[in-house]
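The file run_34.cif comes next; it holds mmCIF, C-alpha atoms.
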```cif
data_my_file
loop_
_atom_site.label_atom_id
_atom_site.label_comp_id
_atom_site.auth_asym_id
_atom_site.auth_seq_id
_atom_site.Cartn_x
_atom_site.Cartn_y
_atom_site.Cartn_z
CA MET A 1 83.38 125.65 98.11
CA SER A 2 84.39 128.39 95.68
CA SER A 3 87.09 130.94 95.00
CA GLY A 4 84.67 133.84 95.15
CA LYS A 5 85.31 134.73 91.52
CA LEU A 6 82.16 135.43 89.57
CA LYS A 7 82.35 133.45 86.36
CA VAL A 8 80.28 131.35 84.03
CA THR A 9 81.82 128.36 82.33
CA ALA A 10 80.45 125.79 79.93
CA LEU A 11 80.66 122.15 80.93
CA ARG A 12 80.34 119.63 78.10
CA PHE A 13 81.06 115.92 78.15
CA ASP A 14 79.85 113.15 75.88
CA SER A 15 80.84 109.80 74.42
CA ARG A 16 83.52 111.47 72.26
CA SER A 17 85.23 113.25 75.18
CA GLY A 18 88.51 112.20 76.69
CA LYS A 19 89.91 111.94 80.19
CA THR A 20 90.60 115.67 80.49
CA GLN A 21 86.98 116.63 79.84
CA LEU A 22 85.83 113.97 82.31
CA GLU A 23 88.08 115.37 85.03
CA GLU A 24 86.80 118.89 84.36
CA ALA A 25 83.24 117.65 84.67
CA ARG A 26 84.02 115.75 87.86
CA ALA A 27 85.66 118.85 89.40
CA ALA A 28 82.65 120.99 88.54
CA PHE A 29 80.42 118.52 90.41
CA GLY A 30 82.61 118.75 93.52
CA GLY A 31 84.41 115.48 92.99
CA LEU A 32 81.35 113.35 92.28
CA LEU A 33 82.07 110.23 90.28
CA ILE A 34 80.58 110.51 86.80
CA GLU A 35 79.71 107.10 85.42
CA ALA A 36 78.78 106.98 81.76
CA HIS A 37 76.27 104.28 80.86
CA SER A 38 77.63 101.78 78.39
CA ASN A 39 74.36 101.06 76.60
CA GLY A 40 74.22 104.17 74.40
CA GLU A 41 75.07 107.81 74.02
CA PHE A 42 75.72 109.90 77.11
CA SER A 43 76.20 113.61 77.59
CA LEU A 44 76.45 116.54 79.97
CA ASP A 45 75.91 120.06 78.64
CA MET A 46 75.65 122.61 81.43
CA LYS A 47 76.57 126.16 82.39
CA VAL A 48 78.31 126.61 85.72
CA ARG A 49 78.35 129.73 87.90
CA VAL A 50 80.59 130.17 90.92
CA LEU A 51 79.72 132.60 93.72
CA PRO A 52 81.07 133.12 97.23
CA GLY A 53 79.99 130.13 99.30
CA LEU A 54 78.14 128.28 96.56
CA SER A 55 78.12 127.16 92.96
CA PHE A 56 75.37 125.99 90.66
CA MET A 57 74.90 124.59 87.20
CA THR A 58 71.99 124.34 84.82
CA GLY A 59 71.64 122.30 81.65
CA GLY A 60 70.99 118.86 80.23
CA MET A 61 72.29 115.39 80.94
CA SER A 62 71.57 111.89 79.74
CA GLY A 63 73.08 108.45 80.03
CA VAL A 64 75.16 109.21 83.14
CA THR A 65 75.04 108.49 86.87
CA LEU A 66 76.46 110.97 89.37
CA ARG A 67 77.72 108.98 92.34
CA ARG A 68 78.79 110.36 95.70
CA ALA A 69 80.98 108.30 98.07
CA ARG A 70 81.65 109.35 101.67
CA GLY A 71 85.00 111.16 101.90
CA ASN A 72 85.39 111.28 98.13
CA THR A 73 84.01 114.78 97.43
CA ASP A 74 85.56 118.22 97.68
CA ASP A 75 82.70 119.69 99.76
CA GLY A 76 82.09 117.26 102.59
CA ASP A 77 80.42 119.81 104.85
CA GLY A 78 77.65 120.86 102.52
CA PHE A 79 74.56 119.94 100.59
CA THR A 80 73.54 119.48 96.97
CA LEU A 81 70.06 120.59 95.93
CA TRP A 82 68.96 118.72 92.82
CA VAL A 83 66.17 120.26 90.74
CA VAL A 84 64.58 118.52 87.74
CA ARG A 85 63.24 121.08 85.30
CA HIS A 86 62.23 118.64 82.58
CA GLY A 87 62.26 114.86 82.72
CA VAL A 88 62.69 112.53 85.68
CA ALA A 89 65.67 111.60 87.86
CA PHE A 90 66.14 108.64 90.15
CA GLY A 91 68.52 108.48 93.10
CA GLU A 92 69.43 106.91 96.38
CA SER A 93 70.72 108.27 99.70
CA ARG A 94 70.51 107.04 103.30
CA ASP A 95 69.36 103.71 101.86
CA ARG A 96 66.26 105.41 100.50
CA ASP A 97 65.14 105.44 96.88
CA VAL A 98 64.22 108.91 95.67
CA THR A 99 62.38 109.86 92.49
CA ILE A 100 62.44 113.51 91.40
CA GLY A 101 59.76 114.46 88.89
CA ALA A 102 59.56 117.46 86.59
CA GLY A 103 59.60 120.70 88.57
CA GLU A 104 60.53 118.96 91.84
CA ALA A 105 63.68 119.18 93.95
CA VAL A 106 65.47 117.16 96.63
CA MET A 107 68.46 118.08 98.80
CA ALA A 108 71.13 115.53 99.79
CA ARG A 109 74.16 115.72 102.06
CA GLN A 110 77.52 115.71 100.33
CA ASP A 111 79.18 113.60 103.03
CA GLU A 112 76.82 110.64 102.60
CA ASP A 113 76.85 107.87 100.02
CA GLY A 114 74.35 108.22 97.21
CA TYR A 115 73.76 108.72 93.52
CA CYS A 116 71.51 110.56 91.08
CA ALA A 117 70.76 109.63 87.49
CA PRO A 118 68.30 110.83 84.84
CA VAL A 119 65.75 108.23 83.82
CA ARG A 120 65.82 109.76 80.33
CA PRO A 121 67.38 112.94 78.85
CA MET A 122 66.83 115.53 81.54
CA LEU A 123 67.11 119.27 82.02
CA GLY A 124 68.04 120.22 85.54
CA THR A 125 69.85 122.42 88.03
CA SER A 126 72.31 121.40 90.72
CA ILE A 127 73.22 123.78 93.57
CA ARG A 128 76.12 123.12 95.95
CA LEU A 129 75.48 124.83 99.29
CA SER A 130 77.57 125.28 102.42
CA GLU A 131 76.12 123.83 105.62
CA SER A 132 77.50 126.70 107.69
CA LEU A 133 75.57 129.20 105.57
CA LEU A 134 72.38 127.22 104.96
CA ALA A 135 71.75 125.40 108.26
CA PRO A 136 71.18 128.54 110.38
CA ARG A 137 68.41 129.56 107.97
CA LEU A 138 66.52 126.24 108.30
CA ARG A 139 63.97 125.21 110.93
CA ASP A 140 65.10 121.57 110.85
CA VAL A 141 68.14 120.57 108.82
CA ASP A 142 67.61 116.80 109.06
CA ALA A 143 63.97 117.14 108.01
CA ALA A 144 65.00 119.15 104.95
CA VAL A 145 67.38 116.43 103.71
CA LEU A 146 65.68 114.18 101.12
CA ARG A 147 62.33 115.95 101.58
CA ARG A 148 60.78 116.39 98.15
CA ILE A 149 60.00 120.00 97.28
CA PRO A 150 56.85 119.94 95.12
CA ALA A 151 56.63 121.43 91.66
CA ASP A 152 54.07 124.00 92.79
CA SER A 153 56.40 125.51 95.40
CA GLU A 154 56.43 129.29 94.90
CA ALA A 155 59.79 129.59 96.67
CA LEU A 156 61.36 126.99 94.35
CA ARG A 157 59.96 128.80 91.30
CA HIS A 158 61.50 132.07 92.47
CA LEU A 159 64.78 130.35 93.29
CA LEU A 160 65.06 128.94 89.77
CA GLY A 161 64.14 132.28 88.22
CA TYR A 162 66.78 134.03 90.31
CA LEU A 163 69.41 131.43 89.36
CA ASP A 164 68.64 132.00 85.68
CA PHE A 165 68.98 135.74 86.29
CA ALA A 166 72.35 135.20 88.01
CA LEU A 167 73.50 132.87 85.23
CA GLY A 168 72.80 135.54 82.62
CA SER A 169 74.35 138.43 84.56
CA GLY A 170 77.72 139.87 83.67
CA PRO A 171 80.77 140.48 85.90
CA ALA A 172 80.00 142.09 89.24
CA SER A 173 81.74 143.63 92.22
CA ALA A 174 82.65 141.53 95.25
CA GLU A 175 79.79 143.18 97.17
CA LEU A 176 77.24 142.28 94.50
CA GLN A 177 78.58 138.71 94.30
CA ALA A 178 78.09 138.29 98.05
CA LEU A 179 74.61 139.81 97.88
CA THR A 180 73.61 137.51 95.01
CA ALA A 181 74.85 134.47 96.97
CA SER A 182 72.96 135.61 100.07
CA HIS A 183 69.74 135.95 98.05
CA ILE A 184 70.17 132.41 96.71
CA TYR A 185 70.60 131.05 100.25
CA ASP A 186 67.49 132.96 101.36
CA LEU A 187 65.40 131.49 98.55
CA ALA A 188 66.79 127.97 99.02
CA ALA A 189 65.93 128.14 102.73
CA LEU A 190 62.39 129.27 101.93
CA ALA A 191 61.93 126.29 99.63
CA LEU A 192 63.39 123.87 102.20
CA GLY A 193 61.68 125.26 105.31
CA SER A 194 63.20 128.41 106.76
CA THR A 195 63.15 129.87 110.24
CA ALA A 196 60.86 132.86 110.83
CA ASP A 197 63.82 135.24 110.86
CA ALA A 198 65.22 133.77 107.64
CA ALA A 199 61.80 133.98 105.98
CA GLU A 200 61.53 137.66 106.87
CA GLN A 201 65.07 138.25 105.61
CA ALA A 202 64.13 136.54 102.34
CA ARG A 203 61.00 138.68 101.96
CA GLN A 204 63.12 141.80 102.30
CA GLY A 205 65.99 140.47 100.18
CA GLY A 206 66.14 137.48 97.87
CA LEU A 207 62.41 136.98 97.42
CA ARG A 208 61.82 140.65 96.63
CA VAL A 209 64.62 140.66 94.04
CA ALA A 210 63.46 137.36 92.54
CA ARG A 211 59.92 138.71 92.19
CA ILE A 212 60.94 141.97 90.53
CA GLU A 213 63.16 140.06 88.09
CA ALA A 214 60.29 137.67 87.30
CA ILE A 215 58.00 140.65 86.67
CA LYS A 216 60.56 142.25 84.37
CA ARG A 217 60.93 139.01 82.41
CA ASP A 218 57.14 138.82 82.12
CA ILE A 219 57.04 142.40 80.78
CA GLU A 220 59.78 141.64 78.23
CA GLU A 221 57.87 138.61 76.98
CA HIS A 222 54.67 140.64 76.49
CA LEU A 223 56.23 144.00 75.59
CA GLY A 224 54.79 144.04 72.08
CA GLU A 225 51.24 143.73 73.34
CA GLY A 226 49.54 147.10 73.20
CA GLY A 227 47.22 146.08 76.00
CA LEU A 228 50.00 145.20 78.43
CA ARG A 229 48.59 146.12 81.84
CA LEU A 230 49.88 146.02 85.40
CA ALA A 231 46.89 143.96 86.53
CA ALA A 232 47.56 141.28 83.92
CA VAL A 233 51.23 140.99 84.91
CA ALA A 234 50.29 140.80 88.59
CA ALA A 235 47.75 138.05 87.87
CA ARG A 236 50.30 136.00 85.94
CA GLN A 237 52.77 136.35 88.81
CA GLY A 238 50.18 135.50 91.46
CA ILE A 239 50.63 138.74 93.42
CA SER A 240 48.57 141.88 93.88
CA PRO A 241 48.84 144.98 91.64
CA VAL A 242 49.60 147.03 94.77
CA TYR A 243 52.62 144.85 95.52
CA VAL A 244 53.85 145.20 91.93
CA ARG A 245 53.68 148.99 92.30
CA LYS A 246 55.62 148.82 95.56
CA LEU A 247 58.33 146.66 94.00
CA PHE A 248 58.91 149.20 91.24
CA GLU A 249 58.77 152.08 93.73
CA SER A 250 61.53 150.38 95.73
CA GLU A 251 63.70 150.74 92.61
CA GLY A 252 62.82 154.41 92.18
CA THR A 253 60.57 153.93 89.18
CA SER A 254 57.05 152.79 88.26
CA PHE A 255 55.48 150.04 86.18
CA THR A 256 54.47 152.54 83.49
CA SER A 257 57.92 154.16 83.33
CA PHE A 258 59.66 150.78 83.13
CA VAL A 259 57.43 149.57 80.30
CA LEU A 260 57.92 152.82 78.39
CA GLU A 261 61.69 152.67 78.79
CA ARG A 262 61.89 149.05 77.60
CA ARG A 263 59.69 149.78 74.57
CA LEU A 264 61.76 152.81 73.60
CA LEU A 265 65.03 150.90 73.96
CA ARG A 266 63.70 148.03 71.86
CA ALA A 267 62.54 150.47 69.19
CA PHE A 268 65.96 152.17 69.23
CA ASP A 269 67.72 148.82 68.74
CA MET A 270 65.49 147.99 65.79
CA LEU A 271 65.97 151.38 64.18
CA ALA A 272 69.74 151.08 64.57
CA SER A 273 69.82 147.57 63.10
CA PRO A 274 70.77 147.31 59.41
CA GLY A 275 68.61 144.22 59.16
CA ALA A 276 65.49 146.25 59.98
CA SER A 277 66.23 149.17 57.64
CA ARG A 278 63.28 148.35 55.34
CA ILE A 279 60.74 148.04 58.15
CA PRO A 280 58.57 151.19 58.33
CA ILE A 281 59.01 153.23 61.49
CA SER A 282 55.27 152.96 62.17
CA THR A 283 55.52 149.16 62.07
CA ILE A 284 58.39 149.21 64.55
CA ALA A 285 56.40 151.46 66.88
CA TYR A 286 53.42 149.13 66.82
CA ASP A 287 55.60 146.02 67.13
CA VAL A 288 57.11 147.25 70.40
CA GLY A 289 53.69 148.01 71.86
CA PHE A 290 52.89 151.63 70.99
CA GLY A 291 49.33 152.19 69.83
CA ASP A 292 49.77 155.89 68.99
CA LEU A 293 52.44 156.89 66.48
CA SER A 294 52.52 160.57 67.45
CA TYR A 295 53.00 159.63 71.12
CA PHE A 296 55.80 157.25 70.12
CA ASN A 297 57.59 160.02 68.21
CA ARG A 298 57.29 162.48 71.11
CA ALA A 299 58.44 159.97 73.70
CA PHE A 300 61.31 158.80 71.51
CA ARG A 301 62.61 162.32 70.90
CA LYS A 302 62.35 163.19 74.59
CA ARG A 303 64.27 160.05 75.57
CA PHE A 304 67.04 160.11 72.96
CA GLY A 305 67.17 163.74 71.81
CA ALA A 306 66.61 162.66 68.21
CA THR A 307 63.74 161.45 66.05
CA PRO A 308 63.36 157.82 64.97
CA SER A 309 64.28 158.94 61.43
CA ASP A 310 67.45 160.56 62.75
CA ILE A 311 68.58 157.33 64.42
CA ARG A 312 67.87 155.31 61.29
CA HIS A 313 69.76 157.82 59.13
CA ILE A 314 72.78 157.90 61.44
CA SER A 315 72.91 154.13 61.64
CA SER A 316 72.69 153.69 57.85
CA ARG A 317 75.39 156.31 57.35
CA ASP A 318 77.75 154.75 59.90
CA GLY A 319 77.11 151.33 58.50
#
```
Now, as a test, write the supplied structure out as structure tokens.
Amino acid sequence: MSSGKLKVTALRFDSRSGKTQLEEARAAFGGLLIEAHSNGEFSLDMKVRVLPGLSFMTGGMSGVTLRRARGNTDDGDGFTLWVVRHGVAFGESRDRDVTIGAGEAVMARQDEDGYCAPVRPMLGTSIRLSESLLAPRLRDVDAAVLRRIPADSEALRHLLGYLDFALGSGPASAELQALTASHIYDLAALALGSTADAAEQARQGGLRVARIEAIKRDIEEHLGEGGLRLAAVAARQGISPVYVRKLFESEGTSFTSFVLERRLLRAFDMLASPGASRIPISTIAYDVGFGDLSYFNRAFRKRFGATPSDIRHISSRDG
């Protein structure tokens, strides 16, 4: 399935690529045959991450068919979970036609004949999963195969968010790699229909981490809003404010402390940037969400041991 090395690689293949690029793409898809359509341009442009016991890729594709033949793949004992993020894909497995719409997902066995192709340029995610690691987490393995996961599935939304988090993360220890992979299996099982024990494990592990990361991304996106409130973030995430507080407490902090820290760090980065040297300090403070300039100055000095003016002066001098 994978070497256990945590890495992110870029996979690109189009009508101008040669045999070497095609073989690299085929290897990344576990030996799937990649058939380029002859009636126009075709392309694959994806990022691939390898973790212990699984691998996944996210990106765009168009004008290609990914075909799986029994005994012709590298991972005959596993599954592939196909997720369409934007666009539509059409496939076939077990003599059944399958259409995957935007936001939906379908899992297929890797040891059975089948294919998947975008109807038009598509953005999607493909996850290769080991049967020995996934099957014990599922209530009914056969029922999960080719069952469409709807776009409004909360578990699928958290799975995709966690995959994006893992794709953007840097190098990690072997222990963290294994933990990340375990969280992905937990979330995949929730989306596919997990056992009661696996669901509880996910709530304590992968789902909790996925939710806190989603909350943090939400905060980053709204950080400049002076009226950023815990209740508003909780409402956008579809969970209670009490649960948001508990999630931050589990990390030894609070919602208020996290927001303050992120605002101060963003202000520091702006003050240290030569490109922002002409922006007034008051404007920077307001842009990162502070509504009170004197409070910003006090908090900044307490956090960094220097005033905003000091940081700007040091940065301009060093530059």
Requested in this report: Name the closest residue to Arg203 (chain A) among the candidates A:Arg128, A:Lys47, A:His158, A:Arg229; distances are taken between atoms, counting all atoms listed in the file.
Outcome: A:His158
Requested in this report: Find the spatial neighbours of Ala10 (chain A), counting all atoms listed in the file, within a cut-off of 12 Å - ignore same-chain residues fewer than 3 positions away - and output them as a list in words.
Outcome: Lys7, Phe13, Gln21, Glu24, Ala25, Ala28, Leu44, Asp45, Met46, Lys47, Val48, Arg49, Val50, Phe56, Met57, Thr58, Gly59, Gly60 and Leu167 of chain A
Report task. Would you write out, as a PyMOL selection string, every residue that the PyMOL selection byres ((chain A and resi 78-80) around 7) captures in this file? Result -> chain A and resi 75-77+81-82+107-110+126-131
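A straight line drawn from CA of Ala191 (chain A) to CA of Asp164 (chain A) is 16.5 Å long.
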Query raised in the report: Quick one: which residues end up in the PyMOL selection byres ((chain A and resi 143) around 12) for this structure, as a count of residues only?
Result: 19
The PyMOL selection byres ((chain A and resi 152) around 12) - which residues does that actually catch in the file I just gave you? List them as a compact mmCIF listing (two decimals) with C-alpha atoms, in the coordinates of the input.
```txt
# COMPACT_ATOMS: atom_id res chain seq x y z
CA GLY A 101 59.76 114.46 88.89
CA ALA A 102 59.56 117.46 86.59
CA GLY A 103 59.60 120.70 88.57
CA GLU A 104 60.53 118.96 91.84
CA ALA A 105 63.68 119.18 93.95
CA ARG A 148 60.78 116.39 98.15
CA ILE A 149 60.00 120.00 97.28
CA PRO A 150 56.85 119.94 95.12
CA ALA A 151 56.63 121.43 91.66
CA SER A 153 56.40 125.51 95.40
CA GLU A 154 56.43 129.29 94.90
CA ALA A 155 59.79 129.59 96.67
CA LEU A 156 61.36 126.99 94.35
CA ARG A 157 59.96 128.80 91.30
CA HIS A 158 61.50 132.07 92.47
CA ALA A 191 61.93 126.29 99.63
```
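One distance worth recording is that between CA of Glu41 (chain A) and CA of Asp14 (chain A), which is 7.4 Å.
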Output, as JSON, the centre and edge lengths in Å (one decimal) of the axis-aligned box that contains all listed atoms of region 145-160 of chain A with 3 Å of margin on each side.
```
{"center_x": 60.7, "center_y": 123.1, "center_z": 96.7, "size_x": 19.3, "size_y": 23.9, "size_z": 19.9}
```
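For the atom pair formed by CA of Thr180 (chain A) and CA of Leu260 (chain A), the distance is 27.5 Å, given to one decimal.
The protein and nucleic acid residues lying at most 10 Å from Gly227 (chain A) are Gly289, Phe290 and Gly291 of chain A, with only C-alpha atoms considered and sequence neighbours fewer than 6 positions away removed.
You can rank A:Gly238, A:Gly124, A:Gly53, A:Gly206 by their closest distance to Gly87 (chain A) using only C-alpha atoms, and at the top of that list sits A:Gly124.
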Query raised in the report: If we count all atoms listed in the file, what is near Ala117 (chain A) at a cut-off of 10 Å, once residues fewer than 5 positions away on the same chain are taken out, given as a PyMOL selection string?
Result: chain A and resi 34-35+61-67+88-92+99-100+122
Could all heavy atoms be built for region 283-294 of chain A and written out as a tab-separated table (two decimals), in the frame of the given file?
```
chain	number	residue	atom	x	y	z
A	283	THR	N	55.61	150.59	61.74
A	283	THR	CA	55.52	149.16	62.07
A	283	THR	C	56.35	148.84	63.30
A	283	THR	O	55.91	148.08	64.18
A	283	THR	CB	55.99	148.31	60.88
A	283	THR	OG1	55.17	148.58	59.74
A	283	THR	CG2	55.93	146.83	61.21
A	284	ILE	N	57.54	149.42	63.39
A	284	ILE	CA	58.39	149.21	64.55
A	284	ILE	C	57.70	149.71	65.81
A	284	ILE	O	57.70	149.04	66.85
A	284	ILE	CB	59.75	149.90	64.35
A	284	ILE	CG1	60.57	149.17	63.28
A	284	ILE	CG2	60.53	149.97	65.68
A	284	ILE	CD1	61.89	149.82	62.94
A	285	ALA	N	57.10	150.89	65.72
A	285	ALA	CA	56.40	151.46	66.88
A	285	ALA	C	55.30	150.54	67.36
A	285	ALA	O	55.16	150.28	68.57
A	285	ALA	CB	55.84	152.83	66.53
A	286	TYR	N	54.52	150.02	66.43
A	286	TYR	CA	53.42	149.13	66.82
A	286	TYR	C	53.95	147.79	67.32
A	286	TYR	O	53.39	147.21	68.25
A	286	TYR	CB	52.48	148.92	65.64
A	286	TYR	CG	51.77	150.19	65.20
A	286	TYR	CD1	51.65	150.53	63.86
A	286	TYR	CD2	51.24	151.07	66.15
A	286	TYR	CE1	51.02	151.71	63.47
A	286	TYR	CE2	50.61	152.25	65.77
A	286	TYR	CZ	50.51	152.56	64.42
A	286	TYR	OH	49.89	153.73	64.04
A	287	ASP	N	55.04	147.31	66.73
A	287	ASP	CA	55.60	146.02	67.13
A	287	ASP	C	56.11	146.03	68.57
A	287	ASP	O	56.11	144.99	69.24
A	287	ASP	CB	56.74	145.60	66.20
A	287	ASP	CG	56.24	145.09	64.86
A	287	ASP	OD1	55.02	144.86	64.73
A	287	ASP	OD2	57.06	144.93	63.93
A	288	VAL	N	56.59	147.19	69.03
A	288	VAL	CA	57.11	147.25	70.40
A	288	VAL	C	56.03	147.65	71.40
A	288	VAL	O	56.31	147.81	72.60
A	288	VAL	CB	58.32	148.19	70.52
A	288	VAL	CG1	59.45	147.74	69.61
A	288	VAL	CG2	57.93	149.64	70.23
A	289	GLY	N	54.80	147.80	70.94
A	289	GLY	CA	53.69	148.01	71.86
A	289	GLY	C	53.05	149.38	71.88
A	289	GLY	O	52.11	149.61	72.65
A	290	PHE	N	53.52	150.32	71.03
A	290	PHE	CA	52.89	151.63	70.99
A	290	PHE	C	51.65	151.59	70.11
A	290	PHE	O	51.68	151.07	69.00
A	290	PHE	CB	53.87	152.68	70.44
A	290	PHE	CG	54.94	153.08	71.42
A	290	PHE	CD1	56.18	152.46	71.40
A	290	PHE	CD2	54.70	154.07	72.37
A	290	PHE	CE1	57.17	152.81	72.30
A	290	PHE	CE2	55.69	154.44	73.28
A	290	PHE	CZ	56.92	153.81	73.24
A	291	GLY	N	50.56	152.16	70.61
A	291	GLY	CA	49.33	152.19	69.83
A	291	GLY	C	49.09	153.54	69.18
A	291	GLY	O	48.16	153.68	68.36
A	292	ASP	N	49.92	154.52	69.51
A	292	ASP	CA	49.77	155.89	68.99
A	292	ASP	C	51.10	156.35	68.44
A	292	ASP	O	52.07	156.52	69.19
A	292	ASP	CB	49.30	156.81	70.12
A	292	ASP	CG	48.98	158.22	69.64
A	292	ASP	OD1	49.76	158.76	68.83
A	292	ASP	OD2	47.97	158.79	70.10
A	293	LEU	N	51.18	156.55	67.13
A	293	LEU	CA	52.44	156.89	66.48
A	293	LEU	C	52.96	158.25	66.91
A	293	LEU	O	54.17	158.43	67.11
A	293	LEU	CB	52.28	156.83	64.96
A	293	LEU	CG	53.57	157.03	64.14
A	293	LEU	CD1	54.61	155.98	64.51
A	293	LEU	CD2	53.26	156.97	62.64
A	294	SER	N	52.07	159.22	67.05
A	294	SER	CA	52.52	160.57	67.45
A	294	SER	C	53.08	160.54	68.87
A	294	SER	O	54.07	161.21	69.17
A	294	SER	CB	51.36	161.57	67.35
A	294	SER	OG	50.29	161.22	68.20
```
